$ cat model31.tsv   # TSV, C-alpha atoms and all ligand atoms
chain	number	residue	atom	x	y	z
A	27	MET	CA	0.00	0.00	0.00
A	28	PHE	CA	1.36	3.41	-0.98
A	29	GLU	CA	1.62	6.18	1.63
A	30	THR	CA	3.54	8.94	-0.12
A	31	ILE	CA	2.04	8.65	-3.60
A	32	ARG	CA	-1.36	7.91	-5.07
A	33	PHE	CA	-1.23	5.51	-7.98
A	34	GLU	CA	-4.17	5.10	-10.33
A	35	LYS	CA	-4.61	3.30	-13.65
A	36	LYS	CA	-7.73	4.06	-15.66
A	37	GLU	CA	-8.72	4.27	-19.33
A	38	GLY	CA	-5.16	3.67	-20.58
A	39	LEU	CA	-3.67	6.38	-18.34
A	40	ALA	CA	-1.47	5.88	-15.28
A	41	TRP	CA	-1.32	8.68	-12.71
A	42	ILE	CA	1.43	8.99	-10.11
A	43	ARG	CA	0.44	11.73	-7.68
A	44	PHE	CA	3.06	12.90	-5.17
A	45	ASN	CA	1.14	12.88	-1.92
A	46	ARG	CA	2.91	14.76	0.87
A	47	PRO	CA	1.05	18.06	0.46
A	48	GLU	CA	1.98	19.39	3.90
A	49	HIS	CA	5.67	19.22	2.81
A	50	LEU	CA	4.94	20.45	-0.72
A	51	ASN	CA	5.43	16.86	-1.93
A	52	ALA	CA	9.14	16.83	-1.08
A	53	PHE	CA	10.77	13.50	-1.95
A	54	THR	CA	11.77	11.03	0.76
A	55	LYS	CA	13.44	7.61	0.55
A	56	ARG	CA	10.07	5.96	1.00
A	57	MET	CA	8.60	8.03	-1.81
A	58	HIS	CA	11.41	6.93	-4.12
A	59	LYS	CA	10.65	3.29	-3.34
A	60	GLU	CA	6.95	3.78	-4.00
A	61	ILE	CA	7.51	5.66	-7.28
A	62	SER	CA	9.91	2.95	-8.43
A	63	CYS	CA	7.33	0.28	-7.66
A	64	ALA	CA	4.58	2.15	-9.57
A	65	LEU	CA	6.92	2.72	-12.52
A	66	LYS	CA	7.64	-1.02	-12.80
A	67	ASP	CA	3.90	-1.61	-13.03
A	68	VAL	CA	3.46	1.08	-15.72
A	69	LYS	CA	6.35	-0.34	-17.72
A	70	LYS	CA	4.93	-3.84	-17.95
A	71	ASP	CA	1.24	-2.96	-18.35
A	72	GLU	CA	0.54	-2.87	-22.09
A	73	GLU	CA	-2.87	-1.27	-21.52
A	74	ILE	CA	-1.17	1.88	-20.22
A	75	ARG	CA	-0.45	4.26	-23.08
A	76	THR	CA	0.52	7.43	-21.12
A	77	LEU	CA	1.99	8.20	-17.69
A	78	ILE	CA	1.21	11.40	-15.81
A	79	PHE	CA	3.11	12.73	-12.79
A	80	THR	CA	1.36	15.37	-10.72
A	81	GLY	CA	1.10	16.59	-7.13
A	82	VAL	CA	-1.62	16.62	-4.50
A	83	GLY	CA	-2.32	20.08	-3.02
A	84	ARG	CA	-0.62	23.31	-4.03
A	85	ALA	CA	2.73	21.85	-5.15
A	86	PHE	CA	4.04	19.57	-7.87
A	87	SER	CA	7.12	18.84	-5.76
A	88	SER	CA	9.62	20.96	-3.83
A	89	GLY	CA	12.41	18.45	-4.54
A	90	GLN	CA	14.41	16.56	-1.95
A	91	ASP	CA	12.94	16.66	1.57
A	92	LEU	CA	15.70	18.57	3.29
A	93	LYS	CA	14.80	17.07	6.68
A	94	ASP	CA	15.07	13.53	5.33
A	95	VAL	CA	18.73	14.05	4.39
A	96	GLN	CA	19.76	16.38	7.21
A	97	GLY	CA	23.20	15.34	8.45
A	98	ALA	CA	23.84	13.10	5.44
A	99	THR	CA	27.48	13.18	4.35
A	100	ASP	CA	27.39	11.65	0.89
A	101	TYR	CA	24.75	12.95	-1.47
A	102	GLY	CA	26.54	11.27	-4.40
A	103	ASP	CA	25.62	7.79	-3.25
A	104	TYR	CA	22.08	8.89	-2.41
A	105	LEU	CA	21.60	10.27	-5.91
A	106	ARG	CA	23.00	7.09	-7.48
A	107	GLU	CA	20.52	5.00	-5.49
A	108	THR	CA	17.41	7.16	-5.86
A	109	TYR	CA	17.10	10.05	-8.34
A	110	ASN	CA	19.46	8.71	-11.02
A	111	PRO	CA	17.53	5.45	-11.56
A	112	LEU	CA	14.23	7.36	-11.38
A	113	ILE	CA	15.26	9.79	-14.14
A	114	SER	CA	16.65	6.91	-16.24
A	115	GLU	CA	13.37	5.00	-15.86
A	116	ILE	CA	11.35	8.00	-17.08
A	117	VAL	CA	13.61	8.55	-20.07
A	118	SER	CA	13.75	4.86	-21.06
A	119	LEU	CA	10.00	4.27	-20.66
A	120	GLU	CA	8.72	3.57	-24.17
A	121	LYS	CA	5.53	5.54	-23.55
A	122	PRO	CA	4.86	9.28	-23.35
A	123	VAL	CA	5.35	10.80	-19.91
A	124	ILE	CA	3.64	14.03	-18.85
A	125	ALA	CA	4.58	16.28	-15.94
A	126	ALA	CA	1.31	17.95	-14.95
A	127	VAL	CA	2.83	20.84	-13.00
A	128	ASN	CA	-0.11	21.81	-10.83
A	129	GLY	CA	1.72	24.26	-8.55
A	130	VAL	CA	5.12	25.15	-7.10
A	131	VAL	CA	8.03	23.06	-8.32
A	132	ALA	CA	11.62	23.24	-7.12
A	133	GLY	CA	14.91	21.33	-6.89
A	134	ALA	CA	14.69	17.70	-7.98
A	135	GLY	CA	10.94	18.15	-8.56
A	136	PHE	CA	11.90	20.64	-11.29
A	137	SER	CA	14.45	18.10	-12.61
A	138	LEU	CA	11.84	15.34	-12.76
A	139	ALA	CA	9.52	17.63	-14.74
A	140	LEU	CA	12.39	18.38	-17.15
A	141	ALA	CA	12.94	14.66	-17.77
A	142	CYS	CA	9.30	14.19	-18.84
A	143	ASP	CA	8.26	14.42	-22.48
A	144	PHE	CA	5.63	17.13	-21.98
A	145	ARG	CA	5.08	19.72	-19.26
A	146	LEU	CA	1.48	20.83	-18.83
A	147	VAL	CA	1.56	23.78	-16.49
A	148	SER	CA	-1.08	25.39	-14.30
A	149	THR	CA	-1.16	29.18	-14.46
A	150	ARG	CA	-0.72	29.12	-10.66
A	151	ALA	CA	2.55	27.15	-10.93
A	152	LYS	CA	6.03	28.56	-10.27
A	153	PHE	CA	9.37	26.97	-11.22
A	154	THR	CA	11.98	27.69	-8.54
A	155	GLU	CA	15.69	27.13	-9.07
A	156	ALA	CA	16.30	26.07	-5.46
A	157	PHE	CA	19.65	24.25	-5.65
A	158	ILE	CA	21.93	27.30	-5.56
A	159	HIS	CA	20.15	28.62	-2.45
A	160	VAL	CA	21.19	25.53	-0.49
A	161	GLY	CA	24.68	25.45	-1.98
A	162	LEU	CA	24.00	22.47	-4.26
A	163	VAL	CA	24.59	21.70	-7.90
A	164	PRO	CA	21.41	21.07	-9.92
A	165	ASP	CA	21.10	17.30	-10.20
A	166	SER	CA	18.77	14.52	-11.35
A	167	GLY	CA	19.38	15.40	-15.01
A	168	HIS	CA	18.76	19.13	-14.48
A	169	LEU	CA	22.08	20.13	-16.09
A	170	PHE	CA	21.42	17.76	-18.98
A	171	PHE	CA	17.87	18.76	-19.83
A	172	LEU	CA	17.64	22.46	-18.94
A	173	PRO	CA	20.23	23.80	-21.45
A	174	ARG	CA	18.80	21.49	-24.11
A	175	ILE	CA	15.29	22.79	-23.55
A	176	ILE	CA	15.90	26.52	-22.97
A	177	GLY	CA	19.50	27.05	-24.18
A	178	TYR	CA	22.82	27.51	-22.34
A	179	ALA	CA	22.62	31.23	-21.60
A	180	LYS	CA	19.17	31.12	-19.97
A	181	ALA	CA	19.97	27.87	-18.16
A	182	MET	CA	23.15	29.41	-16.74
A	183	GLU	CA	21.24	32.53	-15.69
A	184	LEU	CA	18.52	30.56	-13.91
A	185	THR	CA	20.67	27.96	-12.18
A	186	VAL	CA	23.32	30.42	-10.96
A	187	LEU	CA	21.10	33.40	-10.09
A	188	GLY	CA	18.43	31.10	-8.69
A	189	GLY	CA	15.43	32.86	-10.16
A	190	ASP	CA	11.79	31.86	-10.37
A	191	VAL	CA	10.09	31.19	-13.70
A	192	SER	CA	6.44	32.15	-14.09
A	193	PRO	CA	4.11	29.95	-16.19
A	194	GLU	CA	4.02	32.62	-18.90
A	195	GLU	CA	7.82	32.76	-19.07
A	196	ALA	CA	7.96	28.94	-19.01
A	197	LYS	CA	5.74	28.91	-22.09
A	198	LYS	CA	7.91	31.52	-23.86
A	199	LEU	CA	11.06	29.54	-23.04
A	200	GLY	CA	9.59	26.28	-24.38
A	201	LEU	CA	9.64	24.80	-20.89
A	202	ALA	CA	5.85	24.50	-20.76
A	203	THR	CA	4.07	22.60	-23.53
A	204	LYS	CA	0.72	24.14	-22.60
A	205	LEU	CA	-0.71	26.37	-19.86
A	206	PHE	CA	-4.07	25.63	-18.25
A	207	ALA	CA	-6.16	27.55	-15.73
A	208	PRO	CA	-6.18	25.96	-12.23
A	209	ASP	CA	-9.94	25.36	-12.15
A	210	ARG	CA	-9.78	23.31	-15.39
A	211	PHE	CA	-6.30	21.89	-14.89
A	212	GLU	CA	-7.12	18.23	-14.13
A	213	GLU	CA	-9.73	18.09	-16.90
A	214	GLU	CA	-7.39	19.63	-19.48
A	215	VAL	CA	-4.51	17.35	-18.48
A	216	ARG	CA	-6.77	14.31	-18.78
A	217	SER	CA	-7.98	15.41	-22.17
A	218	PHE	CA	-4.40	16.02	-23.45
A	219	ALA	CA	-3.25	12.65	-22.02
A	220	LYS	CA	-6.21	10.85	-23.60
A	221	TYR	CA	-5.37	12.39	-26.97
A	222	ILE	CA	-1.71	11.31	-26.69
A	223	SER	CA	-2.98	7.82	-25.83
A	224	THR	CA	-4.83	7.58	-29.12
A	225	LEU	CA	-1.56	7.98	-31.06
A	226	PRO	CA	0.71	5.07	-32.10
A	227	THR	CA	2.38	4.48	-28.71
A	228	LYS	CA	5.13	2.15	-29.99
A	229	THR	CA	6.15	4.77	-32.54
A	230	ILE	CA	6.21	7.47	-29.83
A	231	GLY	CA	8.52	5.17	-27.83
A	232	LEU	CA	10.83	4.90	-30.86
A	233	ILE	CA	10.79	8.68	-31.47
A	234	LYS	CA	11.58	9.31	-27.80
A	235	LYS	CA	14.48	6.85	-27.78
A	236	GLN	CA	16.05	8.22	-30.95
A	237	MET	CA	15.48	11.84	-29.89
A	238	HIS	CA	17.46	11.16	-26.70
A	239	GLU	CA	20.11	9.25	-28.67
A	240	SER	CA	20.52	12.23	-31.02
A	241	PHE	CA	22.43	14.07	-28.29
A	242	HIS	CA	25.24	11.52	-28.45
A	243	HIS	CA	25.52	10.81	-32.19
A	244	ASN	CA	26.57	12.50	-35.41
A	245	LEU	CA	24.38	12.81	-38.51
A	246	GLN	CA	25.59	9.61	-40.17
A	247	GLU	CA	24.92	7.62	-37.00
A	248	MET	CA	21.49	9.19	-36.60
A	249	LEU	CA	20.57	8.43	-40.22
A	250	GLU	CA	21.31	4.77	-39.50
A	251	ARG	CA	19.39	4.89	-36.20
A	252	GLU	CA	16.38	6.43	-37.93
A	253	ALA	CA	16.50	3.71	-40.58
A	254	TYR	CA	16.52	1.05	-37.85
A	255	ALA	CA	13.66	2.73	-35.93
A	256	GLN	CA	11.67	3.04	-39.15
A	257	GLN	CA	12.21	-0.67	-39.82
A	258	VAL	CA	10.63	-1.39	-36.44
A	259	ALA	CA	7.82	1.18	-36.84
A	260	GLY	CA	7.05	-0.13	-40.32
A	261	LYS	CA	6.25	-3.54	-38.84
A	262	THR	CA	3.73	-2.28	-36.26
A	263	GLU	CA	-0.01	-2.85	-36.49
A	264	ASP	CA	-0.49	0.89	-36.02
A	265	HIS	CA	1.50	1.66	-39.18
A	266	ARG	CA	-0.73	-0.70	-41.17
A	267	GLU	CA	-3.81	0.85	-39.58
A	268	GLY	CA	-2.57	4.39	-40.36
A	269	VAL	CA	-2.07	3.58	-44.04
A	270	SER	CA	-5.42	1.75	-44.33
A	271	ALA	CA	-7.23	4.64	-42.63
A	272	PHE	CA	-5.61	7.14	-45.00
A	273	LEU	CA	-6.58	5.14	-48.08
A	274	GLU	CA	-10.10	4.53	-46.77
A	275	LYS	CA	-10.46	8.23	-45.87
A	276	ARG	CA	-11.34	7.54	-42.22
A	277	LYS	CA	-9.81	8.29	-38.81
A	278	PRO	CA	-7.20	5.72	-37.71
A	279	ASN	CA	-7.85	3.58	-34.67
A	280	PHE	CA	-4.37	3.06	-33.21
A	281	LYS	CA	-3.97	0.31	-30.62
A	282	GLY	CA	-0.42	1.05	-29.50
A	283	LYS	CA	0.84	-2.18	-31.05
B	301	LIG	O1	20.99	13.73	-1.93
B	301	LIG	C1	20.51	14.84	-1.82
B	301	LIG	O2	19.71	15.17	-0.94
B	301	LIG	C2	20.86	15.86	-2.84
B	301	LIG	C3	19.70	16.05	-3.73
B	301	LIG	C4	19.11	17.22	-3.81
B	301	LIG	C5	17.95	17.40	-4.68
B	301	LIG	C6	17.16	18.65	-4.31
B	301	LIG	O3	16.00	18.67	-4.65
B	301	LIG	S1	17.95	19.90	-3.46
B	301	LIG	C7	16.72	21.16	-3.38
B	301	LIG	C8	15.70	20.88	-2.30
B	301	LIG	N1	14.57	21.79	-2.35
B	301	LIG	C9	14.64	23.04	-1.93
B	301	LIG	O4	15.65	23.55	-1.48
B	301	LIG	C10	13.33	23.81	-1.99
B	301	LIG	C11	12.94	24.26	-0.61
B	301	LIG	N2	11.63	24.89	-0.65
B	301	LIG	C12	11.43	26.13	-1.11
B	301	LIG	O5	12.32	26.82	-1.59
B	301	LIG	C13	10.04	26.65	-0.96
B	301	LIG	O6	9.34	25.85	-0.02
B	301	LIG	C14	9.23	26.68	-2.30
B	301	LIG	C15	9.82	27.75	-3.25
B	301	LIG	C16	9.23	25.31	-3.01
B	301	LIG	C17	7.77	27.07	-1.98
B	301	LIG	O7	7.75	28.22	-1.19
B	301	LIG	P1	6.42	28.61	-0.39
B	301	LIG	O8	6.67	29.95	0.22
B	301	LIG	O9	5.28	28.50	-1.33
B	301	LIG	O10	6.22	27.49	0.75
B	301	LIG	P2	7.02	27.31	2.14
B	301	LIG	O11	6.34	28.08	3.20
B	301	LIG	O12	8.48	27.60	1.93
B	301	LIG	O13	6.88	25.73	2.41
B	301	LIG	C18	5.70	25.17	3.00
B	301	LIG	C19	6.11	24.05	3.93
B	301	LIG	O14	6.78	23.02	3.19
B	301	LIG	C20	7.14	24.51	4.96
B	301	LIG	O15	6.93	23.77	6.16
B	301	LIG	P3	6.22	24.45	7.46
B	301	LIG	O16	7.02	25.64	7.78
B	301	LIG	O17	4.82	24.78	6.97
B	301	LIG	O18	6.27	23.36	8.49
B	301	LIG	C21	8.45	24.10	4.35
B	301	LIG	O19	9.48	23.91	5.30
B	301	LIG	C22	8.06	22.77	3.73
B	301	LIG	N3	8.99	22.44	2.63
B	301	LIG	C23	9.03	23.01	1.42
B	301	LIG	N4	10.00	22.46	0.70
B	301	LIG	C24	10.58	21.54	1.46
B	301	LIG	C25	9.94	21.51	2.71
B	301	LIG	N5	10.30	20.67	3.69
B	301	LIG	C26	11.35	19.85	3.44
B	301	LIG	N6	12.01	19.81	2.28
B	301	LIG	C27	11.67	20.63	1.26
B	301	LIG	N7	12.31	20.56	0.09

$ encode --input "model31.tsv" --output "C-alpha cells"
Amino acid sequence: MFETIRFEKKEGLAWIRFNRPEHLNAFTKRMHKEISCALKDVKKDEEIRTLIFTGVGRAFSSGQDLKDVQGATDYGDYLRETYNPLISEIVSLEKPVIAAVNGVVAGAGFSLALACDFRLVSTRAKFTEAFIHVGLVPDSGHLFFLPRIIGYAKAMELTVLGGDVSPEEAKKLGLATKLFAPDRFEEEVRSFAKYISTLPTKTIGLIKKQMHESFHHNLQEMLEREAYAQQVAGKTEDHREGVSAFLEKRKPNFKGK
C-alpha cells in the first residue's frame, strides 16, 4: 500500500500523484521506493499508453525533503541509489510521460519535470531554481535537460542566479508545452493525455528513444538509427492501420501495437 504517492490506472492512463502536500510533496526515501514500484507496473502494463506525474495540493514537488537528508554526508551515493535510476526509468520508458505541473516546483521536482516528455503547467505554478540557495549543484538530469530545452545562456542565468520562472515565461522559453487555468487543470490534463494515448504508442517510444540518442551521435549515425527505428515502426499494427485509414479516408484507430 502506498503512503507517499497515489497511484491510479484508468482508461489507458497511469497517474502517479506525489502525496505529501503538507511538505509540498518533497521526496523522501520511501517516496522513491513507492515511485519505483509504480513505474515497474506502468512499464509492464501494455494497456497503459501514457503516464502522468502530478502533485496533491498546491505543489508539484519541492524536490528533496531537506529534513530527510539532514546530516547526510554523501549525497553522491544517495543520488546514485534514488534520483538517477528514477530519471533513467522516465527517459527509457517507451511511452509518453507528462509532468502535470499543478503548482510550485523546485529542486529535484523541477528536474523530474524536465525529464518528462511534456510539461502541462497550471497558471498558478512557479518553477523555482532552489539548488543554488542551499549550496548544491542542480542534479537529477537538471544540467542535462535544462540547457537542451531553454539554451545555455538562460539555463546558466537561472541555475546560478536562482530565479523563479512564471508559467508565462515557461511557455515563452519552451519549458511548458501548454498552460491551463487551475480550475480546469485536471480536466485539461486528462484530455491532453487521452489524446496522446490515441496515437501510435510504440512509434512514440521509438521517437523518444532516438530523440534522446541524437544528443550523443553524429548525422551519419542518426541516419542509420532512424533507418533502424523506421524498420521497427514499419512492422507495427499501427503503421498498417494508419495507411489503411488514409486510403479509406477515415480516422485511424491506433492500438499502441
Ligand atoms: O541527496 C541529496 O539530498 C541531494 C539532492 C538534492 C535534490 C534537491 O532537490 S535539493 C533542493 C531541495 N529543495 C529546496 O531547497 C526547496 C525548498 N523549498 C522552497 O524553496 C520553498 O518551499 C518553495 C519555493 C518550493 C515554496 O515556497 P512557499 O513559500 O510556497 O512554501 P514554504 O512556506 O516555503 O513551504 C511550506 C512548507 O513546506 C514549509 O513547512 P512548514 O514551515 O509549513 O512546516 C516548508 O518547510 C516545507 N517544505 C518546502 N519544501 C521543502 C519543505 N520541507 C522539506 N524539504 C523541502 N524541500

$ residues_around --input "model31.tsv" --residues "Ile61 (chain A)" --least-positions-apart "2" --cutoff "9 Å" --atoms "all atoms listed in the file" --output "compact mmCIF listing (two decimals) with C-alpha atoms, in the frame of the given file"
# COMPACT_ATOMS: atom_id res chain seq x y z
CA THR A 30 3.54 8.94 -0.12
CA ILE A 31 2.04 8.65 -3.60
CA PHE A 33 -1.23 5.51 -7.98
CA ILE A 42 1.43 8.99 -10.11
CA PHE A 44 3.06 12.90 -5.17
CA ARG A 56 10.07 5.96 1.00
CA MET A 57 8.60 8.03 -1.81
CA HIS A 58 11.41 6.93 -4.12
CA LYS A 59 10.65 3.29 -3.34
CA CYS A 63 7.33 0.28 -7.66
CA ALA A 64 4.58 2.15 -9.57
CA LEU A 65 6.92 2.72 -12.52
CA LYS A 66 7.64 -1.02 -12.80
CA LEU A 112 14.23 7.36 -11.38

$ closest_atom_pairs --input "model31.tsv" --of "chain A" --to "ligand LIG 301 (chain B)" --cutoff "9 Å" --atoms "all atoms listed in the file" --output "CSV"
residue,atom,partner,partner_atom,distance
A:Pro47,CA,B:LIG301,O14,8.1
A:Glu48,CA,B:LIG301,O14,6.1
A:His49,CA,B:LIG301,O14,4.0
A:Leu50,CA,B:LIG301,O14,5.0
A:Asn51,CA,B:LIG301,N4,7.7
A:Ala52,CA,B:LIG301,N7,5.0
A:Phe53,CA,B:LIG301,N7,7.5
A:Thr54,CA,B:LIG301,N6,8.9
A:Arg84,CA,B:LIG301,O9,8.3
A:Ala85,CA,B:LIG301,C16,7.7
A:Ser87,CA,B:LIG301,C16,7.3
A:Ser88,CA,B:LIG301,C16,4.4
A:Gly89,CA,B:LIG301,O3,3.6
A:Gln90,CA,B:LIG301,O3,3.8
A:Asp91,CA,B:LIG301,N6,3.4
A:Leu92,CA,B:LIG301,N6,4.0
A:Lys93,CA,B:LIG301,C26,5.5
A:Asp94,CA,B:LIG301,C26,7.6
A:Val95,CA,B:LIG301,O2,5.5
A:Gln96,CA,B:LIG301,O2,8.2
A:Ala98,CA,B:LIG301,O2,7.9
A:Asp100,CA,B:LIG301,O1,7.3
A:Tyr101,CA,B:LIG301,O1,3.9
A:Gly102,CA,B:LIG301,O1,6.6
A:Asp103,CA,B:LIG301,O1,7.6
A:Tyr104,CA,B:LIG301,O1,5.0
A:Leu105,CA,B:LIG301,O1,5.3
A:Arg106,CA,B:LIG301,O1,8.9
A:Thr108,CA,B:LIG301,O1,8.5
A:Tyr109,CA,B:LIG301,C3,8.0
A:Val130,CA,B:LIG301,C16,5.8
A:Val131,CA,B:LIG301,C16,5.9
A:Ala132,CA,B:LIG301,C16,5.2
A:Gly133,CA,B:LIG301,O3,3.6
A:Ala134,CA,B:LIG301,O3,3.7
A:Gly135,CA,B:LIG301,O3,6.4
A:Phe136,CA,B:LIG301,O3,8.0
A:Ser137,CA,B:LIG301,O3,8.1
A:Lys152,CA,B:LIG301,C15,8.0
A:Phe153,CA,B:LIG301,C15,8.0
A:Thr154,CA,B:LIG301,C15,5.7
A:Glu155,CA,B:LIG301,C10,8.2
A:Ala156,CA,B:LIG301,O4,4.8
A:Phe157,CA,B:LIG301,C7,4.8
A:Ile158,CA,B:LIG301,C7,8.3
A:His159,CA,B:LIG301,O4,6.8
A:Val160,CA,B:LIG301,O4,6.0
A:Gly161,CA,B:LIG301,S1,8.8
A:Leu162,CA,B:LIG301,S1,6.6
A:Val163,CA,B:LIG301,C4,8.2
A:Pro164,CA,B:LIG301,C5,7.3
A:Asp165,CA,B:LIG301,C5,6.4
A:Ser166,CA,B:LIG301,C5,7.3
A:Asp190,CA,B:LIG301,C15,8.5

$ atom_distance --input "model31.tsv" --atom1 "CA of Ser240 (chain A)" --atom2 "CA of Gln256 (chain A)"
15.1 Å

$ closest_residue --input "model31.tsv" --among "A:Leu184, A:Ile78, A:Ile230, A:Ile124" --to "His265 (chain A)" --atoms "only C-alpha atoms"
A:Ile230

$ axis_aligned_box --input "model31.tsv" --around "region 69-73 of chain A" --padding-each-side "3 Å" --output "JSON"
{"center_x": 1.7, "center_y": -2.1, "center_z": -19.9, "size_x": 15.2, "size_y": 9.5, "size_z": 10.4}

$ atom_distance --input "model31.tsv" --atom1 "CA of Val68 (chain A)" --atom2 "CA of Ala40 (chain A)"
6.9 Å

$ closest_residue --input "model31.tsv" --among "A:Trp41, A:Phe170, A:Tyr254, A:Phe280" --to "Leu232 (chain A)" --atoms "all atoms listed in the file"
A:Tyr254

$ atom_distance --input "model31.tsv" --atom1 "CA of Phe79 (chain A)" --atom2 "CA of Ile175 (chain A)"
19.1 Å

$ closest_residue --input "model31.tsv" --among "A:Pro226, A:Glu37, A:Glu72, A:Asn128" --to "Glu212 (chain A)" --atoms "all atoms listed in the file"
A:Asn128

$ residues_around --input "model31.tsv" --residues "Val147 (chain A)" --least-positions-apart "2" --cutoff "9 Å" --atoms "only C-alpha atoms" --output "number ranges by chain"
A: 125-129, 145, 149-151, 193, 196-197, 202-207, 211

$ closest_residue --input "model31.tsv" --among "A:Asn110, A:Ser223, A:Ser148, A:Asn45" --to "Leu77 (chain A)" --atoms "all atoms listed in the file"
A:Ser223

$ residues_around --input "model31.tsv" --residues "Arg251 (chain A)" --least-positions-apart "2" --cutoff "12 Å" --atoms "all atoms listed in the file" --output "MDAnalysis selection string"
chainID A and resid 232:233 235:240 242:249 253:258

$ residues_around --input "model31.tsv" --residues "Arg75 (chain A)" --least-positions-apart "4" --cutoff "7 Å" --atoms "only C-alpha atoms" --output "list in words"
Gly38, Leu39, Lys121, Ser223 and Thr227 of chain A

$ write_last_selection --input "model31.tsv" --atoms "C-alpha atoms" --output "short mmCIF file (atom, residue, chain, number, x, y, z; two decimals), in the coordinates of the input"
data_model
loop_
_atom_site.label_atom_id
_atom_site.label_comp_id
_atom_site.auth_asym_id
_atom_site.auth_seq_id
_atom_site.Cartn_x
_atom_site.Cartn_y
_atom_site.Cartn_z
CA GLY A 38 -5.16 3.67 -20.58
CA LEU A 39 -3.67 6.38 -18.34
CA LYS A 121 5.53 5.54 -23.55
CA SER A 223 -2.98 7.82 -25.83
CA THR A 227 2.38 4.48 -28.71
#

$ closest_residue --input "model31.tsv" --among "A:Val117, A:Leu138, A:Val123, A:Ile74" --to "Phe86 (chain A)" --atoms "all atoms listed in the file"
A:Leu138

$ decode --input "model31.tsv" --residues "region 123-161 of chain A" --atoms "C-alpha atoms" --output "PDB file, in the first residue's frame"
ATOM      1  CA  VAL A 123       5.354  10.802 -19.909  1.00  0.00           C
ATOM      2  CA  ILE A 124       3.639  14.030 -18.853  1.00  0.00           C
ATOM      3  CA  ALA A 125       4.575  16.278 -15.939  1.00  0.00           C
ATOM      4  CA  ALA A 126       1.306  17.950 -14.949  1.00  0.00           C
ATOM      5  CA  VAL A 127       2.831  20.836 -13.005  1.00  0.00           C
ATOM      6  CA  ASN A 128      -0.113  21.810 -10.830  1.00  0.00           C
ATOM      7  CA  GLY A 129       1.717  24.260  -8.547  1.00  0.00           C
ATOM      8  CA  VAL A 130       5.117  25.150  -7.096  1.00  0.00           C
ATOM      9  CA  VAL A 131       8.027  23.061  -8.320  1.00  0.00           C
ATOM     10  CA  ALA A 132      11.620  23.242  -7.121  1.00  0.00           C
ATOM     11  CA  GLY A 133      14.908  21.329  -6.892  1.00  0.00           C
ATOM     12  CA  ALA A 134      14.691  17.701  -7.985  1.00  0.00           C
ATOM     13  CA  GLY A 135      10.936  18.153  -8.565  1.00  0.00           C
ATOM     14  CA  PHE A 136      11.904  20.636 -11.294  1.00  0.00           C
ATOM     15  CA  SER A 137      14.452  18.102 -12.608  1.00  0.00           C
ATOM     16  CA  LEU A 138      11.843  15.344 -12.761  1.00  0.00           C
ATOM     17  CA  ALA A 139       9.523  17.626 -14.743  1.00  0.00           C
ATOM     18  CA  LEU A 140      12.393  18.381 -17.153  1.00  0.00           C
ATOM     19  CA  ALA A 141      12.938  14.659 -17.770  1.00  0.00           C
ATOM     20  CA  CYS A 142       9.298  14.190 -18.840  1.00  0.00           C
ATOM     21  CA  ASP A 143       8.264  14.422 -22.485  1.00  0.00           C
ATOM     22  CA  PHE A 144       5.635  17.130 -21.979  1.00  0.00           C
ATOM     23  CA  ARG A 145       5.079  19.724 -19.256  1.00  0.00           C
ATOM     24  CA  LEU A 146       1.475  20.834 -18.829  1.00  0.00           C
ATOM     25  CA  VAL A 147       1.560  23.778 -16.488  1.00  0.00           C
ATOM     26  CA  SER A 148      -1.081  25.395 -14.300  1.00  0.00           C
ATOM     27  CA  THR A 149      -1.165  29.178 -14.458  1.00  0.00           C
ATOM     28  CA  ARG A 150      -0.722  29.122 -10.662  1.00  0.00           C
ATOM     29  CA  ALA A 151       2.555  27.146 -10.930  1.00  0.00           C
ATOM     30  CA  LYS A 152       6.030  28.555 -10.265  1.00  0.00           C
ATOM     31  CA  PHE A 153       9.366  26.973 -11.222  1.00  0.00           C
ATOM     32  CA  THR A 154      11.983  27.695  -8.544  1.00  0.00           C
ATOM     33  CA  GLU A 155      15.693  27.130  -9.070  1.00  0.00           C
ATOM     34  CA  ALA A 156      16.305  26.071  -5.465  1.00  0.00           C
ATOM     35  CA  PHE A 157      19.650  24.245  -5.647  1.00  0.00           C
ATOM     36  CA  ILE A 158      21.926  27.301  -5.559  1.00  0.00           C
ATOM     37  CA  HIS A 159      20.150  28.620  -2.450  1.00  0.00           C
ATOM     38  CA  VAL A 160      21.187  25.528  -0.490  1.00  0.00           C
ATOM     39  CA  GLY A 161      24.683  25.446  -1.985  1.00  0.00           C
TER      40      GLY A 161
END
